[in-house]
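Student: Hey, dropping work.txt in here, compact mmCIF, C-alpha atoms and all ligand atoms:
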# COMPACT_ATOMS: atom_id res chain seq x y z
CA MET A 1 17.15 -7.66 -3.82
CA ILE A 2 14.76 -5.65 -1.65
CA ASN A 3 15.43 -5.77 2.09
CA LYS A 4 11.85 -6.28 3.33
CA SER A 5 12.62 -5.92 7.02
CA LEU A 6 14.28 -2.56 6.30
CA VAL A 7 11.24 -1.49 4.21
CA LYS A 8 8.96 -2.45 7.10
CA LYS A 9 11.13 -0.68 9.68
CA ARG A 10 11.46 2.54 7.64
CA PHE A 11 7.75 2.83 6.83
CA GLU A 12 6.68 1.95 10.38
CA LYS A 13 8.84 4.85 11.55
CA SER A 14 7.73 7.33 8.90
CA LEU A 15 3.93 6.88 9.01
CA LYS A 16 3.51 9.81 11.43
CA THR A 17 5.38 12.20 9.14
CA TYR A 18 4.32 10.62 5.85
CA ASP A 19 1.23 12.71 5.00
CA ASP A 20 2.98 16.08 5.38
CA ASN A 21 5.89 15.05 3.17
CA ALA A 22 4.44 12.66 0.57
CA ILE A 23 3.67 15.49 -1.87
CA VAL A 24 4.34 13.46 -5.01
CA GLN A 25 2.60 10.31 -3.72
CA LYS A 26 -0.53 12.44 -3.13
CA LEU A 27 -0.45 13.75 -6.73
CA MET A 28 0.03 10.16 -7.93
CA ALA A 29 -3.00 8.92 -5.95
CA GLU A 30 -5.17 11.62 -7.54
CA GLU A 31 -3.84 10.81 -11.00
CA LEU A 32 -4.39 7.06 -10.56
CA ILE A 33 -8.06 7.69 -9.75
CA LYS A 34 -8.35 10.04 -12.74
CA ILE A 35 -7.11 7.45 -15.27
CA LEU A 36 -9.32 4.68 -13.87
CA PRO A 37 -12.34 3.78 -16.05
CA LEU A 38 -15.42 5.23 -14.33
CA LYS A 39 -17.72 2.47 -13.07
CA ASN A 40 -18.75 0.76 -9.85
CA TYR A 41 -16.15 -1.57 -8.36
CA ASP A 42 -17.93 -3.76 -5.80
CA ASN A 43 -14.95 -5.58 -4.38
CA ILE A 44 -11.73 -3.59 -3.98
CA LEU A 45 -8.27 -4.61 -2.77
CA GLU A 46 -5.78 -1.81 -2.09
CA ILE A 47 -2.14 -2.82 -1.63
CA GLY A 48 0.40 -0.80 0.41
CA THR A 49 -2.12 1.50 2.10
CA ALA A 50 0.22 3.26 4.60
CA THR A 51 -1.72 6.24 6.01
CA GLY A 52 -4.46 6.04 3.41
CA ILE A 53 -3.66 8.83 0.95
CA LEU A 54 -5.04 6.69 -1.90
CA THR A 55 -7.74 5.17 0.35
CA LYS A 56 -9.19 8.66 0.88
CA GLU A 57 -9.33 9.24 -2.89
CA ILE A 58 -11.04 5.85 -3.37
CA LYS A 59 -13.63 6.68 -0.72
CA LYS A 60 -14.29 10.09 -2.31
CA ASN A 61 -14.56 8.90 -5.92
CA ILE A 62 -15.54 5.22 -6.18
CA LYS A 63 -18.67 3.30 -5.20
CA PHE A 64 -17.83 -0.07 -3.63
CA LYS A 65 -19.37 -2.72 -1.37
CA THR A 66 -16.35 -4.43 0.20
CA PHE A 67 -12.93 -2.97 0.79
CA TYR A 68 -9.80 -5.01 1.50
CA ALA A 69 -6.57 -3.28 2.44
CA ASN A 70 -3.05 -4.59 2.78
CA ASP A 71 0.25 -3.29 4.11
CA ILE A 72 3.41 -4.93 5.37
CA VAL A 73 3.21 -2.51 8.33
CA GLU A 74 0.53 -3.49 10.83
CA SER A 75 -0.12 0.02 12.18
CA SER A 76 -1.40 1.08 8.75
CA LYS A 77 -4.63 -0.66 9.77
CA GLU A 78 -5.42 2.05 12.36
CA TYR A 79 -5.14 4.80 9.73
CA ILE A 80 -7.34 2.91 7.25
CA LYS A 81 -10.00 2.08 9.84
CA LYS A 82 -10.46 5.81 10.43
CA ILE A 83 -11.22 6.30 6.72
CA ILE A 84 -13.19 3.09 6.03
CA PRO A 85 -14.27 1.59 9.41
CA GLU A 86 -15.57 -1.63 7.82
CA VAL A 87 -12.21 -2.37 6.11
CA ASN A 88 -10.91 -5.96 5.95
CA PHE A 89 -7.23 -5.44 6.68
CA ILE A 90 -4.63 -8.02 5.68
CA THR A 91 -1.22 -7.42 7.26
CA GLY A 92 1.79 -8.84 5.44
CA ASP A 93 4.11 -8.84 2.46
CA ILE A 94 1.88 -8.89 -0.62
CA GLU A 95 4.42 -11.12 -2.40
CA GLU A 96 4.15 -13.75 0.35
CA ILE A 97 0.56 -13.71 1.61
CA LYS A 98 -2.07 -16.05 0.21
CA LEU A 99 -5.03 -14.20 -1.24
CA SER A 100 -8.47 -15.69 -1.57
CA GLY A 101 -11.48 -14.63 -3.60
CA SER A 102 -11.61 -12.25 -6.53
CA TYR A 103 -11.75 -8.49 -6.87
CA ASP A 104 -13.25 -5.99 -9.30
CA LEU A 105 -10.40 -3.60 -8.70
CA ILE A 106 -6.92 -4.19 -7.31
CA ILE A 107 -5.17 -0.87 -6.86
CA SER A 108 -1.88 0.33 -5.45
CA ASN A 109 -0.11 3.68 -5.26
CA ALA A 110 3.65 4.06 -4.86
CA CYS A 111 4.21 0.60 -3.40
CA PHE A 112 5.28 -1.94 -6.04
CA GLN A 113 8.78 -0.49 -6.30
CA TRP A 114 9.35 -2.14 -2.92
CA CYS A 115 8.54 -5.60 -4.29
CA SER A 116 11.21 -8.08 -5.43
CA ASP A 117 9.54 -9.58 -8.50
CA ILE A 118 6.79 -7.41 -9.89
CA ASN A 119 6.04 -9.71 -12.84
CA ILE A 120 5.41 -12.71 -10.57
CA LEU A 121 3.32 -10.49 -8.28
CA ILE A 122 1.23 -9.21 -11.21
CA SER A 123 0.60 -12.81 -12.40
CA LYS A 124 -0.49 -13.73 -8.88
CA LEU A 125 -2.83 -10.73 -8.63
CA LYS A 126 -4.33 -11.40 -12.08
CA GLU A 127 -5.57 -14.75 -10.73
CA HIS A 128 -7.71 -12.75 -8.32
CA LEU A 129 -9.25 -10.46 -10.93
CA ASN A 130 -12.73 -11.03 -12.36
CA ASP A 131 -13.12 -11.01 -16.14
CA ASN A 132 -13.82 -7.27 -16.40
CA SER A 133 -11.67 -6.22 -13.50
CA ILE A 134 -8.67 -3.91 -13.44
CA LEU A 135 -5.30 -3.88 -11.75
CA ALA A 136 -4.36 -0.19 -11.47
CA LEU A 137 -0.82 0.63 -10.41
CA SER A 138 1.34 3.62 -9.94
CA MET A 139 4.97 3.25 -9.07
CA PHE A 140 8.31 4.82 -9.97
CA GLY A 141 10.37 4.69 -13.15
CA ASP A 142 14.08 4.70 -13.94
CA ASP A 143 14.56 8.45 -13.42
CA ASN A 144 13.11 8.44 -9.93
CA LEU A 145 15.42 10.14 -7.40
CA LYS A 146 18.09 10.14 -10.10
CA GLU A 147 20.09 12.84 -8.30
CA ILE A 148 20.45 10.63 -5.20
CA LYS A 149 21.47 7.67 -7.34
CA ALA A 150 24.06 9.81 -9.15
CA VAL A 151 25.67 11.16 -5.99
CA PHE A 152 25.74 7.74 -4.30
CA ASN A 153 26.71 5.97 -7.50
CA MET A 154 23.80 3.58 -7.09
CA LYS A 155 22.52 1.37 -9.87
CA ASN A 156 18.81 1.59 -10.61
CA THR A 157 17.12 -0.66 -8.10
CA PHE A 158 13.53 -0.23 -9.27
CA ASN A 159 12.22 -2.76 -11.77
CA LEU A 160 9.20 -2.00 -13.90
CA PRO A 161 6.80 -4.79 -14.91
CA ASP A 162 6.86 -6.24 -18.44
CA VAL A 163 3.65 -4.49 -19.44
CA VAL A 164 3.12 -1.33 -21.44
CA LYS A 165 2.83 1.73 -19.26
CA TYR A 166 -0.26 3.88 -19.44
CA LYS A 167 1.62 7.13 -18.84
CA GLU A 168 4.55 8.62 -16.99
CA ASP A 169 5.43 11.99 -15.47
CA LYS A 170 8.48 13.84 -14.24
CA ILE A 171 8.02 15.99 -11.14
CA LYS A 172 10.79 18.14 -9.66
CA LEU A 173 10.70 19.16 -6.01
CA TYR A 174 12.90 22.03 -4.79
CA PHE A 175 14.67 22.24 -1.40
CA ASP A 176 16.87 24.81 0.34
CA THR A 177 19.74 22.39 1.00
CA PRO A 178 20.86 18.82 0.17
CA LYS A 179 20.28 17.98 3.86
CA ASP A 180 16.62 18.92 3.36
CA VAL A 181 16.48 16.42 0.48
CA LEU A 182 17.70 13.67 2.80
CA ARG A 183 15.24 14.73 5.51
CA HIS A 184 12.39 14.66 2.98
CA LEU A 185 13.30 11.10 1.94
CA LYS A 186 13.49 9.97 5.56
CA LEU A 187 10.11 11.47 6.46
CA THR A 188 8.41 9.61 3.59
CA GLY A 189 10.17 6.29 4.29
CA ALA A 190 11.84 6.41 0.88
CA ASN A 191 15.25 5.94 2.48
CA ALA A 192 14.54 2.21 2.73
CA LEU A 193 16.61 1.47 -0.36
CA LYS A 194 19.83 1.14 1.56
CA GLU A 195 21.00 1.32 5.14
CA PHE A 196 23.43 4.18 4.89
CA LYS A 197 25.61 5.49 7.71
CA PHE A 198 26.89 9.02 7.18
CA THR A 199 30.21 10.05 8.64
CA LYS A 200 30.70 13.81 8.98
CA SER A 201 33.06 13.92 6.00
CA ARG A 202 30.75 11.76 3.83
CA LEU A 203 27.86 14.11 4.60
CA LEU A 204 29.95 17.15 3.68
CA LYS A 205 31.02 15.52 0.42
CA PHE A 206 27.39 14.60 -0.34
CA GLU A 207 26.27 18.19 0.26
CA GLU A 208 29.03 19.64 -1.93
CA GLU A 209 28.44 17.23 -4.80
CA TYR A 210 24.65 17.55 -4.70
CA LYS A 211 24.79 21.35 -4.65
CA HIS A 212 27.32 21.43 -7.45
CA MET A 213 25.39 19.05 -9.70
CA PHE A 214 21.72 19.74 -8.97
CA SER A 215 21.16 23.44 -8.22
CA GLU A 216 18.73 25.84 -9.89
CA ASN A 217 18.00 29.43 -8.82
CA GLY A 218 19.59 29.02 -5.41
CA LYS A 219 17.74 25.78 -4.60
CA VAL A 220 18.55 22.11 -5.04
CA TYR A 221 16.14 19.78 -6.78
CA LEU A 222 15.02 16.17 -6.65
CA THR A 223 13.25 14.37 -9.52
CA TYR A 224 10.34 11.97 -9.14
CA ASN A 225 9.29 9.76 -12.07
CA PRO A 226 5.79 8.37 -11.50
CA VAL A 227 4.66 5.62 -13.89
CA TYR A 228 1.09 4.36 -14.25
CA PHE A 229 -0.26 0.98 -15.41
CA LEU A 230 -3.80 -0.25 -16.10
CA ILE A 231 -3.80 -4.02 -16.50
CA SER A 232 -6.75 -6.34 -17.13
CA LYS A 233 -6.94 -10.09 -16.60
CA ASN A 234 -6.12 -10.82 -20.22
CA GLY A 235 -3.77 -8.00 -21.06
CA ILE A 236 -3.48 -4.25 -21.01
CA GLU A 237 -6.33 -1.76 -20.86
C1 LIG B 1 5.25 5.06 -0.35
S1 LIG B 1 4.08 4.23 0.66
C2 LIG B 1 2.63 4.50 -0.32
C3 LIG B 1 1.44 4.60 0.54
C4 LIG B 1 0.06 4.83 -0.06
N1 LIG B 1 -0.28 3.84 -1.05
C5 LIG B 1 -0.16 6.21 -0.58
O1 LIG B 1 -0.94 6.35 -1.51
O2 LIG B 1 0.41 7.16 -0.05
C6 LIG B 1 4.39 2.51 0.37
C7 LIG B 1 3.65 1.59 1.33
O3 LIG B 1 3.77 0.25 0.82
C8 LIG B 1 4.05 -0.62 1.91
N2 LIG B 1 4.76 -1.80 1.39
C9 LIG B 1 6.02 -1.85 0.92
N3 LIG B 1 6.32 -3.10 0.51
C10 LIG B 1 5.21 -3.86 0.74
C11 LIG B 1 4.89 -5.23 0.53
N4 LIG B 1 5.80 -6.06 0.02
N5 LIG B 1 3.67 -5.68 0.85
C12 LIG B 1 2.74 -4.83 1.39
N6 LIG B 1 2.99 -3.51 1.62
C13 LIG B 1 4.20 -3.02 1.30
C14 LIG B 1 4.87 0.21 2.87
O4 LIG B 1 4.81 -0.31 4.19
C15 LIG B 1 4.20 1.59 2.74
O5 LIG B 1 3.19 1.75 3.69
Rewrite the structure from the file as structure tokens, please.

Tutor:
Amino acid sequence: MINKSLVKKRFEKSLKTYDDNAIVQKLMAEELIKILPLKNYDNILEIGTATGILTKEIKKNIKFKTFYANDIVESSKEYIKKIIPEVNFITGDIEEIKLSGSYDLIISNACFQWCSDINILISKLKEHLNDNSILALSMFGDDNLKEIKAVFNMKNTFNLPDVVKYKEDKIKLYFDTPKDVLRHLKLTGANALKEFKFTKSRLLKFEEEYKHMFSENGKVYLTYNPVYFLISKNGIE
């Protein structure tokens, strides 16, 4: 089960450092726009906007009339207003809030992995799609941060929806030390999976194990596994 108050707390804290560290999320936002069918989308809803990495790509590439944005973290609104001043911002957990109206495009980058039941959420969102509308999602697959999961002996906590994926990628980032890996995760808010207290000896053990298992050419690596979905009201694109 996802701990929503921890997700909120971690992202609230990391928004200031997010842009400089969310290297993969930025690539994913660009890719999501690339795979989107090219047309005008009058009414857009973006879910999990954070600092607006995807919002900027939408503004650059898509013609729209009304733009709705949502994030569980209220301060995201200030970032989005700077990009699209006329934004209609809805603060809250997308799984809980009541939506009204319908959209030509519902889009979300690197957010749905923080939701508890993606299939129920997708059904809910489909009710707010017009007949020719699209729900475009990027999130993370089973191999995401697999090195962290291996060292901490964590089971996979990300669930993918029961729809066919459009495409997936594997991206490896390289860091000088295992501590830098942890810092990177903290600065992007991705440490919201678990509240983890490190003792000195646990940290040392983590560093040793990570270095031993996941080193290449004097660096340590971390794998990201972005997955993309294009879903229409009646099925898959
Ligand atoms: C990794 S960030 C992705 C941000 C942005 N979409 C981008 O392209 O960089 C995930 C965002 O989703 C938000 N989020 C997580 N769970 C959410 C939920 N249940 N409802 C709404 N927003 C949520 C977080 O607060 C965070 O701002």

Student: When you look at A:Leu27 with a cut-off of 12 Å (counting all atoms listed in the file), what residues show up, excluding the ones that are within fewer than 6 positions of it in the same chain? I need them as an MDAnalysis selection string.

Tutor: chainID A and resid 19 21 33:34 53:54 57 109:110 138 169:171 224:227

Student: In terms of the shortest atom-to-atom distance over only C-alpha atoms and all ligand atoms, which of A:Lys233, A:Lys211, A:Lys197, A:Lys186 is closest to ligand LIG 1 (chain B)?

Tutor: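 Ranking A:Lys233, A:Lys211, A:Lys197, A:Lys186 by distance to ligand LIG 1 (chain B), first place goes to A:Lys186.
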
Student: Residues near A:Ser232, anyone? I mean within 12 Å using all atoms listed in the file, not counting same-chain ones fewer than 2 positions away, as a PyMOL selection string.

Tutor: chain A and resi 36-37+103-107+122-123+125-137+163-164+229-230+234-237

Student: If you take only C-alpha atoms and a cut-off of 12 Å, which residues of stretch 82-128 of chain A touch stretch 139-162 of chain A, and what are their nearest atom pairs and distances in Å to one decimal, in chain and number order, as JSON lines?

Tutor:
{"residue": "A:Ile107", "atom": "CA", "partner": "A:Met139", "partner_atom": "CA", "distance": 11.2}
{"residue": "A:Ser108", "atom": "CA", "partner": "A:Met139", "partner_atom": "CA", "distance": 8.3}
{"residue": "A:Asn109", "atom": "CA", "partner": "A:Met139", "partner_atom": "CA", "distance": 6.4}
{"residue": "A:Ala110", "atom": "CA", "partner": "A:Met139", "partner_atom": "CA", "distance": 4.5}
{"residue": "A:Cys111", "atom": "CA", "partner": "A:Met139", "partner_atom": "CA", "distance": 6.3}
{"residue": "A:Phe112", "atom": "CA", "partner": "A:Met139", "partner_atom": "CA", "distance": 6.0}
{"residue": "A:Gln113", "atom": "CA", "partner": "A:Phe158", "partner_atom": "CA", "distance": 5.6}
{"residue": "A:Trp114", "atom": "CA", "partner": "A:Phe158", "partner_atom": "CA", "distance": 7.8}
{"residue": "A:Cys115", "atom": "CA", "partner": "A:Asn159", "partner_atom": "CA", "distance": 8.8}
{"residue": "A:Ser116", "atom": "CA", "partner": "A:Asn159", "partner_atom": "CA", "distance": 8.3}
{"residue": "A:Asp117", "atom": "CA", "partner": "A:Asn159", "partner_atom": "CA", "distance": 8.0}
{"residue": "A:Ile118", "atom": "CA", "partner": "A:Pro161", "partner_atom": "CA", "distance": 5.7}
{"residue": "A:Asn119", "atom": "CA", "partner": "A:Pro161", "partner_atom": "CA", "distance": 5.4}
{"residue": "A:Ile120", "atom": "CA", "partner": "A:Pro161", "partner_atom": "CA", "distance": 9.1}
{"residue": "A:Leu121", "atom": "CA", "partner": "A:Pro161", "partner_atom": "CA", "distance": 9.4}
{"residue": "A:Ile122", "atom": "CA", "partner": "A:Pro161", "partner_atom": "CA", "distance": 8.0}
{"residue": "A:Ser123", "atom": "CA", "partner": "A:Pro161", "partner_atom": "CA", "distance": 10.4}

Student: Do you have, as a tab-separated table, the list of residues of chain A lying at most 7 Å from ligand LIG 1 (chain B), each with its nearest atom pair and that distance in Å to one decimal, counting all atoms listed in the file and ordered by chain then number?

Tutor:
residue	atom	partner	partner_atom	distance
A:Lys4	CA	B:LIG1	N4	6.9
A:Val7	CA	B:LIG1	C9	6.2
A:Lys8	CA	B:LIG1	O4	5.5
A:Phe11	CA	B:LIG1	O4	5.0
A:Glu12	CA	B:LIG1	O4	6.8
A:Ala22	CA	B:LIG1	O2	6.8
A:Gln25	CA	B:LIG1	O2	5.3
A:Lys26	CA	B:LIG1	O2	6.2
A:Ala29	CA	B:LIG1	O1	5.5
A:Ile47	CA	B:LIG1	C12	6.1
A:Gly48	CA	B:LIG1	O3	3.6
A:Thr49	CA	B:LIG1	N1	4.3
A:Ala50	CA	B:LIG1	O5	3.5
A:Thr51	CA	B:LIG1	C4	6.5
A:Gly52	CA	B:LIG1	C4	5.8
A:Ile53	CA	B:LIG1	O1	4.4
A:Leu54	CA	B:LIG1	O1	4.1
A:Asn70	CA	B:LIG1	C12	6.0
A:Asp71	CA	B:LIG1	N6	3.7
A:Ile72	CA	B:LIG1	N6	4.0
A:Val73	CA	B:LIG1	O4	5.0
A:Ser76	CA	B:LIG1	O5	6.9
A:Gly92	CA	B:LIG1	C12	5.8
A:Asp93	CA	B:LIG1	N5	3.6
A:Ile94	CA	B:LIG1	N5	4.0
A:Glu95	CA	B:LIG1	N4	5.8
A:Ser108	CA	B:LIG1	N1	5.9
A:Asn109	CA	B:LIG1	N1	4.2
A:Ala110	CA	B:LIG1	C2	4.7
A:Cys111	CA	B:LIG1	C6	4.2
A:Phe112	CA	B:LIG1	N3	6.7
A:Trp114	CA	B:LIG1	N3	4.7
A:Cys115	CA	B:LIG1	N4	5.1
A:Thr188	CA	B:LIG1	C1	6.8
A:Gly189	CA	B:LIG1	C1	6.9
A:Ala190	CA	B:LIG1	C1	6.8

Student: If I take atom CA of A:Leu32 and atom CA of A:Lys124, how far is one from the other in Å, to one decimal?

Tutor: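 Result for atom CA of A:Leu32 versus atom CA of A:Lys124: 21.2 Å, one decimal.
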
Student: Find the smallest box with edges along x, y and z containing every listed atom of stretch 132-141 of chain A, then add 8 Å on each side and report centre and edge lengths in Å to one decimal, as lines of an AutoDock Vina configuration file.

Tutor:
center_x = -1.7
center_y = -1.2
center_z = -12.7
size_x = 40.2
size_y = 28.1
size_z = 23.3

Student: Please indicate the distance in Å from atom CA of A:Glu74 to atom CA of A:Thr91, rounded to one decimal place.

Tutor: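 Interatomic distance, atom CA of A:Glu74 to atom CA of A:Thr91: 5.6 Å.
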
Student: Which neighbours of A:Lys172 fall inside 7 Å, counting only C-alpha atoms, when residues of the same chain fewer than 4 positions from it are skipped, and could you give them as a ChimeraX atom specification?

Tutor: /A:221-224

Student: Between A:Glu207, A:Val24, A:Lys63, A:Ile97, single out the one closest to A:Asp42, counting only C-alpha atoms.

Tutor: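 Closest to A:Asp42, using only C-alpha atoms: A:Lys63.
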
Student: What gap, in Å, lies between atom CA of A:Asp20 and atom CA of A:His184?

Tutor: 9.8 Å

Student: Can you put N, CA and C atoms back into stretch 149-169 of chain A and show it as a PDB file, keeping the file's coordinate frame?

Tutor:
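Here's the written file out34.pdb:
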ATOM      1  N   LYS A 149      20.755   8.816  -6.762  1.00  0.00           N
ATOM      2  CA  LYS A 149      21.470   7.670  -7.340  1.00  0.00           C
ATOM      3  C   LYS A 149      22.815   8.121  -7.927  1.00  0.00           C
ATOM      4  N   ALA A 150      22.819   9.328  -8.548  1.00  0.00           N
ATOM      5  CA  ALA A 150      24.060   9.810  -9.150  1.00  0.00           C
ATOM      6  C   ALA A 150      25.105  10.102  -8.079  1.00  0.00           C
ATOM      7  N   VAL A 151      24.708  10.775  -7.019  1.00  0.00           N
ATOM      8  CA  VAL A 151      25.670  11.160  -5.990  1.00  0.00           C
ATOM      9  C   VAL A 151      26.198   9.920  -5.246  1.00  0.00           C
ATOM     10  N   PHE A 152      25.308   8.945  -5.018  1.00  0.00           N
ATOM     11  CA  PHE A 152      25.740   7.740  -4.300  1.00  0.00           C
ATOM     12  C   PHE A 152      26.241   6.637  -5.226  1.00  0.00           C
ATOM     13  N   ASN A 153      26.238   6.949  -6.533  1.00  0.00           N
ATOM     14  CA  ASN A 153      26.710   5.970  -7.500  1.00  0.00           C
ATOM     15  C   ASN A 153      25.939   4.644  -7.387  1.00  0.00           C
ATOM     16  N   MET A 154      24.632   4.773  -7.247  1.00  0.00           N
ATOM     17  CA  MET A 154      23.800   3.580  -7.090  1.00  0.00           C
ATOM     18  C   MET A 154      23.240   3.171  -8.440  1.00  0.00           C
ATOM     19  N   LYS A 155      23.160   1.862  -8.651  1.00  0.00           N
ATOM     20  CA  LYS A 155      22.520   1.370  -9.870  1.00  0.00           C
ATOM     21  C   LYS A 155      21.012   1.501  -9.672  1.00  0.00           C
ATOM     22  N   ASN A 156      20.254   1.515 -10.754  1.00  0.00           N
ATOM     23  CA  ASN A 156      18.810   1.590 -10.610  1.00  0.00           C
ATOM     24  C   ASN A 156      18.293   0.319  -9.928  1.00  0.00           C
ATOM     25  N   THR A 157      17.587   0.522  -8.824  1.00  0.00           N
ATOM     26  CA  THR A 157      17.120  -0.660  -8.100  1.00  0.00           C
ATOM     27  C   THR A 157      15.636  -0.911  -8.292  1.00  0.00           C
ATOM     28  N   PHE A 158      14.953  -0.018  -9.032  1.00  0.00           N
ATOM     29  CA  PHE A 158      13.530  -0.230  -9.270  1.00  0.00           C
ATOM     30  C   PHE A 158      13.351  -0.993 -10.581  1.00  0.00           C
ATOM     31  N   ASN A 159      12.519  -2.029 -10.545  1.00  0.00           N
ATOM     32  CA  ASN A 159      12.220  -2.760 -11.770  1.00  0.00           C
ATOM     33  C   ASN A 159      10.786  -2.492 -12.153  1.00  0.00           C
ATOM     34  N   LEU A 160      10.577  -2.212 -13.439  1.00  0.00           N
ATOM     35  CA  LEU A 160       9.200  -2.000 -13.900  1.00  0.00           C
ATOM     36  C   LEU A 160       8.669  -3.322 -14.429  1.00  0.00           C
ATOM     37  N   PRO A 161       7.337  -3.528 -14.377  1.00  0.00           N
ATOM     38  CA  PRO A 161       6.800  -4.790 -14.910  1.00  0.00           C
ATOM     39  C   PRO A 161       6.887  -4.833 -16.431  1.00  0.00           C
ATOM     40  N   ASP A 162       6.800  -6.057 -16.984  1.00  0.00           N
ATOM     41  CA  ASP A 162       6.860  -6.240 -18.440  1.00  0.00           C
ATOM     42  C   ASP A 162       5.506  -5.960 -19.086  1.00  0.00           C
ATOM     43  N   VAL A 163       4.908  -4.857 -18.775  1.00  0.00           N
ATOM     44  CA  VAL A 163       3.650  -4.490 -19.440  1.00  0.00           C
ATOM     45  C   VAL A 163       3.778  -3.037 -19.889  1.00  0.00           C
ATOM     46  N   VAL A 164       3.001  -2.680 -20.900  1.00  0.00           N
ATOM     47  CA  VAL A 164       3.120  -1.330 -21.440  1.00  0.00           C
ATOM     48  C   VAL A 164       2.571  -0.338 -20.430  1.00  0.00           C
ATOM     49  N   LYS A 165       3.322   0.761 -20.234  1.00  0.00           N
ATOM     50  CA  LYS A 165       2.830   1.730 -19.260  1.00  0.00           C
ATOM     51  C   LYS A 165       1.728   2.601 -19.859  1.00  0.00           C
ATOM     52  N   TYR A 166       0.846   3.030 -19.003  1.00  0.00           N
ATOM     53  CA  TYR A 166      -0.260   3.880 -19.440  1.00  0.00           C
ATOM     54  C   TYR A 166       0.239   5.305 -19.656  1.00  0.00           C
ATOM     55  N   LYS A 167       1.009   5.800 -18.701  1.00  0.00           N
ATOM     56  CA  LYS A 167       1.620   7.130 -18.840  1.00  0.00           C
ATOM     57  C   LYS A 167       2.719   7.295 -17.806  1.00  0.00           C
ATOM     58  N   GLU A 168       3.569   8.307 -18.032  1.00  0.00           N
ATOM     59  CA  GLU A 168       4.550   8.620 -16.990  1.00  0.00           C
ATOM     60  C   GLU A 168       4.757  10.121 -16.877  1.00  0.00           C
ATOM     61  N   ASP A 169       5.201  10.570 -15.727  1.00  0.00           N
ATOM     62  CA  ASP A 169       5.430  11.990 -15.470  1.00  0.00           C
ATOM     63  C   ASP A 169       6.818  12.208 -14.891  1.00  0.00           C
TER      64      ASP A 169
END
